[in-house]
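Worksheet: the structure to be examined is printed underneath.
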Amino acid sequence: MADHHYALDLTWTGDRGTGTSGYRAYDRDVLVVADGKPALEGSADRPFRGDPSRWNPEELLLAALGQCHLLSYLHVAVVHGVVVTAYADSPVGTMRQEGIGGRFTQVVLRPRVTVASPEMVETATRIHHDASEACFIAASVSFPVRHEPVVVAG
C-alpha cells in the first residue's frame, strides 16, 4: 500500500473592494496554482453568479473522472494486448440542487476509442469495466459513473 499526496494553492480573487458585504457584491473568481503547472482560472457556474469563461468545480469534476478513466483504460489496454490509436470522451453529469447545496446524481462517460484491428474491438469494449475499477477518482465519489463506450477499428 502506498499513500500519494497532492497539494495546490487556491486563492479567491473576487473581492471588488467591499468583500462579501452582500451576495451580489463579490465575484466568484478563484486562481488555482500548483508547482510547475499553468495557473487555472476558476469560478462558480453561471447560475451561481460565476464567470462562464472560467472553469467551474462541476466541470473540473467531469474532467477528473474522464481523464482518470482514460488513463486507467490505456493501462488496462496494454495489459490486455489492445492497441489504442485514438481516444476521445464527452462526459456529461447531472447535479441536483437542493436548497443552497446539492450533489451529483450521476456522470456518464462516453469514450470513443479507436483500436488497431477489428479483432481487438470486443476486448477493447469489455475492458472499460476494468478501467473503471482501476480509476482512483471514480472509486472516490458517491454517485454512479456509467460508461457508454463506442469502439471501432481504425
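Letters A, B, ... mark the chains of the C-alpha cells in the order given; residue numbers begin at 1 per chain; ligand numbers begin at 1, in order shown.
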Report task. Could you give me the residues within chain A that DSSP places in helix (DSSP H, G or I), as a PyMOL selection string? Result -> chain A and resi 46-48+57-79+118-126+128-134+136-140
Take the residues just selected and output them with C-alpha atoms as a compact mmCIF listing (two decimals), in the first residue's frame.
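And here's again.txt as it stands now:
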# COMPACT_ATOMS: atom_id res chain seq x y z
CA ARG A 46 -23.15 30.80 -14.25
CA PRO A 47 -26.38 30.07 -12.28
CA PHE A 48 -24.40 30.76 -9.11
CA PRO A 57 -15.85 22.92 -9.99
CA GLU A 58 -18.56 20.84 -11.66
CA GLU A 59 -16.69 20.86 -14.99
CA LEU A 60 -13.44 20.05 -13.22
CA LEU A 61 -15.08 17.03 -11.58
CA LEU A 62 -16.19 15.77 -15.01
CA ALA A 63 -12.69 16.39 -16.37
CA ALA A 64 -11.11 14.48 -13.46
CA LEU A 65 -13.41 11.50 -13.93
CA GLY A 66 -12.94 11.46 -17.70
CA GLN A 67 -9.16 11.83 -17.55
CA CYS A 68 -8.81 9.22 -14.82
CA HIS A 69 -10.85 6.70 -16.83
CA LEU A 70 -8.86 7.48 -19.98
CA LEU A 71 -5.50 6.92 -18.25
CA SER A 72 -6.75 3.77 -16.49
CA TYR A 73 -8.15 2.49 -19.78
CA LEU A 74 -4.86 2.97 -21.63
CA HIS A 75 -3.07 0.97 -18.92
CA VAL A 76 -5.65 -1.83 -18.98
CA ALA A 77 -5.50 -1.89 -22.79
CA VAL A 78 -1.75 -2.55 -22.68
CA VAL A 79 -2.25 -5.35 -20.14
CA PRO A 118 -11.12 -5.40 -35.72
CA GLU A 119 -10.09 -8.40 -33.58
CA MET A 120 -9.49 -6.02 -30.66
CA VAL A 121 -12.93 -4.35 -30.64
CA GLU A 122 -14.68 -6.86 -28.34
CA THR A 123 -11.91 -6.87 -25.73
CA ALA A 124 -11.50 -3.10 -26.01
CA THR A 125 -15.19 -2.66 -25.24
CA ARG A 126 -15.19 -5.12 -22.34
CA HIS A 128 -13.93 -0.34 -19.84
CA HIS A 129 -15.23 -2.12 -16.73
CA ASP A 130 -11.66 -2.95 -15.64
CA ALA A 131 -10.59 0.64 -16.27
CA SER A 132 -13.46 1.88 -14.12
CA GLU A 133 -12.35 -0.41 -11.30
CA ALA A 134 -8.81 0.99 -11.61
CA PHE A 136 -9.00 6.32 -8.30
CA ILE A 137 -11.37 9.24 -8.85
CA ALA A 138 -14.39 7.08 -9.75
CA ALA A 139 -13.72 4.97 -6.65
CA SER A 140 -13.80 8.14 -4.55
Report task. Would you kindly return, as number ranges by chain, each protein, DNA or RNA residue with an atom no farther than 9 Å from any atom of A:Gly42, considering only C-alpha atoms and excluding same-chain residues fewer than 5 positions away? Result -> A: 28-32, 50-51, 53-57
Those same residues - N, CA and C atoms - I'd like them written as a PDB file, in the first residue's frame.
ATOM      1  N   ARG A  28     -16.944  35.448  -8.011  1.00  0.00           N
ATOM      2  CA  ARG A  28     -16.638  34.090  -7.563  1.00  0.00           C
ATOM      3  C   ARG A  28     -15.307  33.592  -8.136  1.00  0.00           C
ATOM      4  N   ASP A  29     -14.445  34.480  -8.563  1.00  0.00           N
ATOM      5  CA  ASP A  29     -13.208  34.122  -9.236  1.00  0.00           C
ATOM      6  C   ASP A  29     -12.196  33.508  -8.268  1.00  0.00           C
ATOM      7  N   VAL A  30     -11.545  32.458  -8.764  1.00  0.00           N
ATOM      8  CA  VAL A  30     -10.562  31.707  -7.987  1.00  0.00           C
ATOM      9  C   VAL A  30      -9.363  31.429  -8.883  1.00  0.00           C
ATOM     10  N   LEU A  31      -8.182  31.452  -8.314  1.00  0.00           N
ATOM     11  CA  LEU A  31      -6.973  31.083  -9.036  1.00  0.00           C
ATOM     12  C   LEU A  31      -6.430  29.815  -8.388  1.00  0.00           C
ATOM     13  N   VAL A  32      -6.218  28.779  -9.203  1.00  0.00           N
ATOM     14  CA  VAL A  32      -5.685  27.505  -8.738  1.00  0.00           C
ATOM     15  C   VAL A  32      -4.257  27.390  -9.273  1.00  0.00           C
ATOM     16  N   GLY A  50     -21.304  32.970 -11.356  1.00  0.00           N
ATOM     17  CA  GLY A  50     -19.924  32.778 -11.756  1.00  0.00           C
ATOM     18  C   GLY A  50     -19.632  33.316 -13.141  1.00  0.00           C
ATOM     19  N   ASP A  51     -18.363  33.339 -13.468  1.00  0.00           N
ATOM     20  CA  ASP A  51     -17.869  33.793 -14.767  1.00  0.00           C
ATOM     21  C   ASP A  51     -17.846  32.587 -15.716  1.00  0.00           C
ATOM     22  N   SER A  53     -16.587  32.151 -18.498  1.00  0.00           N
ATOM     23  CA  SER A  53     -15.362  31.964 -19.265  1.00  0.00           C
ATOM     24  C   SER A  53     -14.300  31.206 -18.457  1.00  0.00           C
ATOM     25  N   ARG A  54     -14.587  30.921 -17.194  1.00  0.00           N
ATOM     26  CA  ARG A  54     -13.646  30.208 -16.326  1.00  0.00           C
ATOM     27  C   ARG A  54     -14.181  28.809 -16.015  1.00  0.00           C
ATOM     28  N   TRP A  55     -13.280  27.925 -15.646  1.00  0.00           N
ATOM     29  CA  TRP A  55     -13.660  26.565 -15.257  1.00  0.00           C
ATOM     30  C   TRP A  55     -14.405  26.591 -13.941  1.00  0.00           C
ATOM     31  N   ASN A  56     -15.504  25.832 -13.837  1.00  0.00           N
ATOM     32  CA  ASN A  56     -16.201  25.719 -12.562  1.00  0.00           C
ATOM     33  C   ASN A  56     -15.928  24.346 -11.946  1.00  0.00           C
ATOM     34  N   PRO A  57     -16.170  24.188 -10.655  1.00  0.00           N
ATOM     35  CA  PRO A  57     -15.853  22.919  -9.990  1.00  0.00           C
ATOM     36  C   PRO A  57     -16.576  21.720 -10.599  1.00  0.00           C
TER      37      PRO A  57
END
Query raised in the report: If you run DSSP on this backbone, which residues of stretch 90-136 of chain A come out as strand (DSSP E or B), and could you give them as a PyMOL selection string?
Result: chain A and resi 92-98+101-109+112-115
Query raised in the report: Nearest to A:Thr85 among A:Met1, A:Val113, A:Leu40, A:Val141, with distances taken over only C-alpha atoms: which residue is it?
Result: A:Val113
Report task. Show which residues sit within 7 Å of stretch 103-109 of chain A, as a PyMOL selection string. Count only C-alpha atoms, and ignore same-chain residues fewer than 5 positions away. Result -> chain A and resi 66+89-97+143-148
Output the selection as a PDB file, in the first residue's frame - N, CA and C atoms for each residue.
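Dumped to selection_24.pdb:
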ATOM      1  N   GLY A  66     -13.239  11.858 -16.329  1.00  0.00           N
ATOM      2  CA  GLY A  66     -12.944  11.463 -17.704  1.00  0.00           C
ATOM      3  C   GLY A  66     -11.472  11.166 -17.910  1.00  0.00           C
ATOM      4  N   ASP A  89     -13.458  11.660 -25.356  1.00  0.00           N
ATOM      5  CA  ASP A  89     -14.621  11.481 -24.487  1.00  0.00           C
ATOM      6  C   ASP A  89     -15.384  12.795 -24.396  1.00  0.00           C
ATOM      7  N   SER A  90     -16.674  12.690 -24.189  1.00  0.00           N
ATOM      8  CA  SER A  90     -17.543  13.851 -23.960  1.00  0.00           C
ATOM      9  C   SER A  90     -18.424  13.546 -22.763  1.00  0.00           C
ATOM     10  N   PRO A  91     -17.854  13.565 -21.556  1.00  0.00           N
ATOM     11  CA  PRO A  91     -18.641  13.193 -20.380  1.00  0.00           C
ATOM     12  C   PRO A  91     -19.724  14.223 -20.072  1.00  0.00           C
ATOM     13  N   VAL A  92     -20.801  13.714 -19.478  1.00  0.00           N
ATOM     14  CA  VAL A  92     -21.903  14.569 -19.029  1.00  0.00           C
ATOM     15  C   VAL A  92     -22.240  14.186 -17.594  1.00  0.00           C
ATOM     16  N   GLY A  93     -22.688  15.153 -16.830  1.00  0.00           N
ATOM     17  CA  GLY A  93     -23.049  14.888 -15.444  1.00  0.00           C
ATOM     18  C   GLY A  93     -24.332  15.595 -15.080  1.00  0.00           C
ATOM     19  N   THR A  94     -25.004  15.054 -14.079  1.00  0.00           N
ATOM     20  CA  THR A  94     -26.229  15.653 -13.567  1.00  0.00           C
ATOM     21  C   THR A  94     -26.022  15.984 -12.097  1.00  0.00           C
ATOM     22  N   MET A  95     -26.267  17.246 -11.767  1.00  0.00           N
ATOM     23  CA  MET A  95     -26.184  17.685 -10.385  1.00  0.00           C
ATOM     24  C   MET A  95     -27.569  18.168  -9.976  1.00  0.00           C
ATOM     25  N   ARG A  96     -28.030  17.731  -8.840  1.00  0.00           N
ATOM     26  CA  ARG A  96     -29.332  18.147  -8.318  1.00  0.00           C
ATOM     27  C   ARG A  96     -29.101  19.150  -7.204  1.00  0.00           C
ATOM     28  N   GLN A  97     -29.654  20.343  -7.388  1.00  0.00           N
ATOM     29  CA  GLN A  97     -29.537  21.372  -6.358  1.00  0.00           C
ATOM     30  C   GLN A  97     -30.667  21.197  -5.370  1.00  0.00           C
ATOM     31  N   PHE A 143     -21.546   8.710  -6.241  1.00  0.00           N
ATOM     32  CA  PHE A 143     -22.621   8.630  -7.231  1.00  0.00           C
ATOM     33  C   PHE A 143     -22.150   7.698  -8.347  1.00  0.00           C
ATOM     34  N   PRO A 144     -23.093   7.146  -9.124  1.00  0.00           N
ATOM     35  CA  PRO A 144     -22.690   6.234 -10.194  1.00  0.00           C
ATOM     36  C   PRO A 144     -21.968   6.953 -11.332  1.00  0.00           C
ATOM     37  N   VAL A 145     -20.919   6.303 -11.825  1.00  0.00           N
ATOM     38  CA  VAL A 145     -20.212   6.752 -13.015  1.00  0.00           C
ATOM     39  C   VAL A 145     -20.427   5.653 -14.057  1.00  0.00           C
ATOM     40  N   ARG A 146     -21.288   5.945 -15.017  1.00  0.00           N
ATOM     41  CA  ARG A 146     -21.614   4.959 -16.050  1.00  0.00           C
ATOM     42  C   ARG A 146     -20.747   5.196 -17.286  1.00  0.00           C
ATOM     43  N   HIS A 147     -20.733   4.189 -18.170  1.00  0.00           N
ATOM     44  CA  HIS A 147     -19.928   4.262 -19.385  1.00  0.00           C
ATOM     45  C   HIS A 147     -20.773   3.874 -20.580  1.00  0.00           C
ATOM     46  N   GLU A 148     -20.663   4.650 -21.624  1.00  0.00           N
ATOM     47  CA  GLU A 148     -21.320   4.351 -22.896  1.00  0.00           C
ATOM     48  C   GLU A 148     -20.237   4.400 -23.989  1.00  0.00           C
TER      49      GLU A 148
END
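Interatomic distance, atom CA of A:Tyr26 against atom CA of A:Gly14: 5.6 Å.
Considering the residues A:Pro52, A:Gly19, A:Gly101, A:Pro149 and counting only C-alpha atoms, A:Thr114 has its shortest atom-to-atom contact with A:Pro149.
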Query - Which of A:Ala86, A:Gly17, A:Tyr23, A:Trp12 sits closest to A:Glu41 [using only C-alpha atoms] - result: A:Trp12
Report task. Point out the residue among A:Gly154, A:Val33, A:Ser117, A:His80 with the least atom-to-atom distance to A:Thr11, counting only C-alpha atoms. Result ->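 Of A:Gly154, A:Val33, A:Ser117, A:His80, the one nearest A:Thr11 is A:Val33, counting only C-alpha atoms.
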